[in-house]
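Worksheet: the structure to be examined is printed underneath.
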Amino acid sequence: MKVDFEKYHGTGNDFIIIDDREGKIALSKEAIAFLCNRRFGIGADGLLLLQDSEDYDFRMRYYNADGGEGTMCGNGGRCITAFAKSLGIIEEDAHFAAIDGEHFSQVTTNAADSYFVSLKMSDVKKVGRFNEDFIIDTGSPHLVKFVPDIKQVDVLAVGKKLRWDKAFQPEGINVNFVEIKKDHLVIRSFERGVEDITLSCGTGVTASALAASLLNNGDSGHFDIKTDGGDLKVKFIRTYDNFTDIRLEGPAIKVFEGQIEL
């Protein structure tokens, strides 16, 4: 079977995206893991299927690099919005379905294969704690750990240990390390399913911004974010411990397109 695909990234968080509006793509867990493998396949943090939907512009299905179907992916949602625009499915605004419900997104600028996409995330009405850390589900579950100097943190080792902590089993949890600067947050993430550090994590960045608001008890509804792969913005409305109108904004870049035989 020959599969046409496109490769996108959102601040270094990269995805294989396939147009599956005809519903003919049936990939096993092993096939998806092969496609995402950086040595033997195309290479990506995950794979996205754009599927047809009667009630929405499209449906997004997201698979982790290990081949298992994942929870919501923020950067993936932004990249698939750009992909939908490139296919002519949308003009600027999109209304699509994902595993955690409906989402609205918007392509605000577009130049060649470079897009700037704003994605509305699910509301957050519950925030948990794990010792001194925050637990926030932004479509995917995240542990947010604030640190004084992120350069001194072994993100891989500590992230992996917390990801597999018995308190979060059997599903596990994504882990984000956050350093608060004067005018921005610096965030590094360890993602389950990828089982490694990723250059950026959209739902993790979002969870971290909400946690920073709670930590400082600030009324700011906007954070600039720096990740290993680039800059993002998170905007929201906070009412006590509830967060609504959450927006994840940043670039979505088409890297290349191709065809692979499975």
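In the structure tokens, chains take the letters A, B, ... in the order shown, each chain's residues start at 1, and ligands count up from 1 in the order shown.
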Which residues, written as a PDB file with N, CA and C atoms, in the first residue's frame, have at least one atom at most 7 Å from stretch 239-254 of chain A, with only C-alpha atoms counted and residues fewer than 2 positions away on the same chain left out?
ATOM      1  N   LYS A   7       4.624  16.350   5.918  1.00  0.00           N
ATOM      2  CA  LYS A   7       5.314  16.494   7.199  1.00  0.00           C
ATOM      3  C   LYS A   7       5.218  17.956   7.636  1.00  0.00           C
ATOM      4  N   TYR A   8       4.724  18.172   8.855  1.00  0.00           N
ATOM      5  CA  TYR A   8       4.614  19.510   9.435  1.00  0.00           C
ATOM      6  C   TYR A   8       5.299  19.531  10.797  1.00  0.00           C
ATOM      7  N   HIS A   9       5.646  20.729  11.241  1.00  0.00           N
ATOM      8  CA  HIS A   9       6.089  20.858  12.622  1.00  0.00           C
ATOM      9  C   HIS A   9       5.539  22.146  13.225  1.00  0.00           C
ATOM     10  N   GLY A  10       5.284  22.100  14.516  1.00  0.00           N
ATOM     11  CA  GLY A  10       4.889  23.274  15.279  1.00  0.00           C
ATOM     12  C   GLY A  10       5.924  23.489  16.355  1.00  0.00           C
ATOM     13  N   THR A  11       6.803  24.466  16.175  1.00  0.00           N
ATOM     14  CA  THR A  11       7.956  24.724  17.048  1.00  0.00           C
ATOM     15  C   THR A  11       8.728  23.448  17.356  1.00  0.00           C
ATOM     16  N   ARG A  78      -2.830  22.497  15.696  1.00  0.00           N
ATOM     17  CA  ARG A  78      -2.466  23.670  14.907  1.00  0.00           C
ATOM     18  C   ARG A  78      -1.940  23.254  13.536  1.00  0.00           C
ATOM     19  N   CYS A  79      -1.136  22.187  13.512  1.00  0.00           N
ATOM     20  CA  CYS A  79      -0.573  21.740  12.227  1.00  0.00           C
ATOM     21  C   CYS A  79      -1.646  21.185  11.295  1.00  0.00           C
ATOM     22  N   ALA A  82      -3.455  23.960   9.570  1.00  0.00           N
ATOM     23  CA  ALA A  82      -2.698  24.465   8.418  1.00  0.00           C
ATOM     24  C   ALA A  82      -2.824  23.509   7.233  1.00  0.00           C
ATOM     25  N   ASP A 113       4.580  27.944   2.727  1.00  0.00           N
ATOM     26  CA  ASP A 113       4.291  26.783   3.567  1.00  0.00           C
ATOM     27  C   ASP A 113       4.391  27.106   5.058  1.00  0.00           C
ATOM     28  N   SER A 114       4.310  28.387   5.398  1.00  0.00           N
ATOM     29  CA  SER A 114       4.403  28.817   6.785  1.00  0.00           C
ATOM     30  C   SER A 114       3.080  29.447   7.217  1.00  0.00           C
ATOM     31  N   TYR A 115       2.560  28.996   8.331  1.00  0.00           N
ATOM     32  CA  TYR A 115       1.262  29.459   8.830  1.00  0.00           C
ATOM     33  C   TYR A 115       1.404  29.898  10.287  1.00  0.00           C
ATOM     34  N   PHE A 116       0.548  30.819  10.718  1.00  0.00           N
ATOM     35  CA  PHE A 116       0.424  31.142  12.138  1.00  0.00           C
ATOM     36  C   PHE A 116      -0.990  30.748  12.533  1.00  0.00           C
ATOM     37  N   VAL A 117      -1.092  29.850  13.513  1.00  0.00           N
ATOM     38  CA  VAL A 117      -2.383  29.250  13.846  1.00  0.00           C
ATOM     39  C   VAL A 117      -2.709  29.452  15.317  1.00  0.00           C
ATOM     40  N   SER A 118      -3.939  29.887  15.560  1.00  0.00           N
ATOM     41  CA  SER A 118      -4.470  30.007  16.913  1.00  0.00           C
ATOM     42  C   SER A 118      -5.471  28.877  17.126  1.00  0.00           C
ATOM     43  N   LEU A 119      -5.289  28.115  18.204  1.00  0.00           N
ATOM     44  CA  LEU A 119      -6.138  26.959  18.499  1.00  0.00           C
ATOM     45  C   LEU A 119      -6.823  27.147  19.836  1.00  0.00           C
ATOM     46  N   LYS A 120      -8.140  27.018  19.846  1.00  0.00           N
ATOM     47  CA  LYS A 120      -8.897  27.085  21.100  1.00  0.00           C
ATOM     48  C   LYS A 120      -8.866  25.714  21.761  1.00  0.00           C
ATOM     49  N   MET A 121      -8.342  25.672  22.985  1.00  0.00           N
ATOM     50  CA  MET A 121      -8.226  24.441  23.741  1.00  0.00           C
ATOM     51  C   MET A 121      -9.474  24.227  24.601  1.00  0.00           C
ATOM     52  N   ASP A 123     -11.768  23.891  27.888  1.00  0.00           N
ATOM     53  CA  ASP A 123     -11.774  24.583  29.177  1.00  0.00           C
ATOM     54  C   ASP A 123     -11.177  23.682  30.257  1.00  0.00           C
ATOM     55  N   VAL A 124     -10.575  24.299  31.254  1.00  0.00           N
ATOM     56  CA  VAL A 124     -10.011  23.570  32.393  1.00  0.00           C
ATOM     57  C   VAL A 124     -10.748  24.005  33.653  1.00  0.00           C
ATOM     58  N   LYS A 125     -11.386  23.044  34.305  1.00  0.00           N
ATOM     59  CA  LYS A 125     -12.183  23.353  35.494  1.00  0.00           C
ATOM     60  C   LYS A 125     -11.674  22.654  36.745  1.00  0.00           C
ATOM     61  N   LYS A 126     -10.588  21.915  36.609  1.00  0.00           N
ATOM     62  CA  LYS A 126     -10.057  21.181  37.754  1.00  0.00           C
ATOM     63  C   LYS A 126      -8.543  21.173  37.692  1.00  0.00           C
ATOM     64  N   THR A 206       0.433  24.766  27.376  1.00  0.00           N
ATOM     65  CA  THR A 206      -0.824  25.330  27.860  1.00  0.00           C
ATOM     66  C   THR A 206      -1.003  25.068  29.344  1.00  0.00           C
ATOM     67  N   ASP A 231       8.983  29.666  19.740  1.00  0.00           N
ATOM     68  CA  ASP A 231       8.153  30.489  20.626  1.00  0.00           C
ATOM     69  C   ASP A 231       6.663  30.250  20.388  1.00  0.00           C
ATOM     70  N   LEU A 232       5.915  30.228  21.490  1.00  0.00           N
ATOM     71  CA  LEU A 232       4.470  30.079  21.454  1.00  0.00           C
ATOM     72  C   LEU A 232       3.836  31.115  22.375  1.00  0.00           C
ATOM     73  N   LYS A 233       2.535  31.274  22.233  1.00  0.00           N
ATOM     74  CA  LYS A 233       1.769  32.134  23.130  1.00  0.00           C
ATOM     75  C   LYS A 233       0.583  31.340  23.680  1.00  0.00           C
ATOM     76  N   VAL A 234       0.245  31.585  24.942  1.00  0.00           N
ATOM     77  CA  VAL A 234      -0.953  31.010  25.540  1.00  0.00           C
ATOM     78  C   VAL A 234      -1.776  32.146  26.126  1.00  0.00           C
ATOM     79  N   LYS A 235      -3.047  32.202  25.747  1.00  0.00           N
ATOM     80  CA  LYS A 235      -3.970  33.216  26.252  1.00  0.00           C
ATOM     81  C   LYS A 235      -5.173  32.509  26.884  1.00  0.00           C
ATOM     82  N   PHE A 236      -5.779  33.144  27.888  1.00  0.00           N
ATOM     83  CA  PHE A 236      -6.910  32.510  28.560  1.00  0.00           C
ATOM     84  C   PHE A 236      -7.640  33.528  29.421  1.00  0.00           C
ATOM     85  N   ILE A 237      -8.816  33.127  29.866  1.00  0.00           N
ATOM     86  CA  ILE A 237      -9.576  33.888  30.858  1.00  0.00           C
ATOM     87  C   ILE A 237      -9.630  33.038  32.118  1.00  0.00           C
ATOM     88  N   PHE A 256       7.891  19.013   4.242  1.00  0.00           N
ATOM     89  CA  PHE A 256       7.967  18.374   2.926  1.00  0.00           C
ATOM     90  C   PHE A 256       6.772  17.444   2.753  1.00  0.00           C
TER      91      PHE A 256
END
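Note that DSSP on the backbone gives strand (DSSP E) to these residues of stretch 54-88 of chain A: A:Phe58, A:Arg59, A:Met60, A:Arg61, A:Tyr62, A:Tyr63, A:Asn64.
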For the residues in that selection, give me C-alpha atoms as a compact mmCIF listing (two decimals), in the first residue's frame.
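Result written to result02.txt:
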# COMPACT_ATOMS: atom_id res chain seq x y z
CA PHE A 58 -12.93 17.60 9.70
CA ARG A 59 -11.99 15.13 12.42
CA MET A 60 -8.46 14.79 13.79
CA ARG A 61 -7.09 11.45 14.97
CA TYR A 62 -3.73 11.53 16.67
CA TYR A 63 -1.29 8.66 17.20
CA ASN A 64 1.83 8.77 19.35
Note to self: Quick one: residues within 6 Å of stretch 32-35 of chain A, only C-alpha atoms, excluding same-chain residues fewer than 4 positions away - as a list in words?
What the structure shows: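 The filter keeps Gly41, Ile42, Ala65, Asp66 and Gly67 of chain A.
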Deliver the residues from the most recent selection as a file, using C-alpha atoms, as a PDB file, in the first residue's frame.
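Saved file selection_8.pdb follows:
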ATOM      1  CA  GLY A  41      10.800   5.519   8.704  1.00  0.00           C
ATOM      2  CA  ILE A  42       9.862   9.119   7.962  1.00  0.00           C
ATOM      3  CA  ALA A  65       5.229   7.787  17.992  1.00  0.00           C
ATOM      4  CA  ASP A  66       4.856   4.382  19.646  1.00  0.00           C
ATOM      5  CA  GLY A  67       1.827   3.715  17.421  1.00  0.00           C
TER       6      GLY A  67
END
Notebook entry, point to check: Which polymer residues have any atom within 8 Å of an atom of A:Glu179, counting only C-alpha atoms, with same-chain residues fewer than 3 positions away left out, as a PyMOL selection string?
Noted result: chain A and resi 146-150+185-187
Resulting file, chosen residues, N, CA and C atoms, as a JSON list (two decimals), in the first residue's frame:
[["chain", "number", "residue", "atom", "x", "y", "z"],
["A", 146, "PHE", "N", 7.78, 23.49, 38.57],
["A", 146, "PHE", "CA", 8.53, 24.74, 38.47],
["A", 146, "PHE", "C", 9.93, 24.56, 39.05],
["A", 147, "VAL", "N", 10.92, 25.08, 38.33],
["A", 147, "VAL", "CA", 12.32, 24.91, 38.73],
["A", 147, "VAL", "C", 13.02, 26.26, 38.65],
["A", 148, "PRO", "N", 14.04, 26.48, 39.49],
["A", 148, "PRO", "CA", 14.75, 27.78, 39.47],
["A", 148, "PRO", "C", 15.67, 27.96, 38.26],
["A", 149, "ASP", "N", 16.23, 26.86, 37.77],
["A", 149, "ASP", "CA", 17.16, 26.94, 36.64],
["A", 149, "ASP", "C", 16.98, 25.69, 35.77],
["A", 150, "ILE", "N", 16.28, 25.84, 34.68],
["A", 150, "ILE", "CA", 15.93, 24.69, 33.85],
["A", 150, "ILE", "C", 17.15, 24.04, 33.22],
["A", 185, "LEU", "N", 7.97, 32.39, 29.96],
["A", 185, "LEU", "CA", 8.23, 31.10, 30.58],
["A", 185, "LEU", "C", 9.14, 30.30, 29.66],
["A", 186, "VAL", "N", 10.07, 29.57, 30.26],
["A", 186, "VAL", "CA", 10.90, 28.62, 29.52],
["A", 186, "VAL", "C", 10.44, 27.22, 29.91],
["A", 187, "ILE", "N", 10.07, 26.41, 28.92],
["A", 187, "ILE", "CA", 9.45, 25.11, 29.20],
["A", 187, "ILE", "C", 10.14, 24.00, 28.41]]
Checklist line | Atomic distance atom CA of A:Asp45 - atom CA of A:Asn176, expressed in Å with one decimal | finding: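 Straight-line distance from atom CA of A:Asp45 to atom CA of A:Asn176 works out to 16.3 Å.
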Next item on the list: Counting only C-alpha atoms, figure out which residue out of A:Gly202, A:Gly88, A:Gly218, A:Gly193 gets nearest to A:Glu69.
Entry: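 Closest candidate: A:Gly193.
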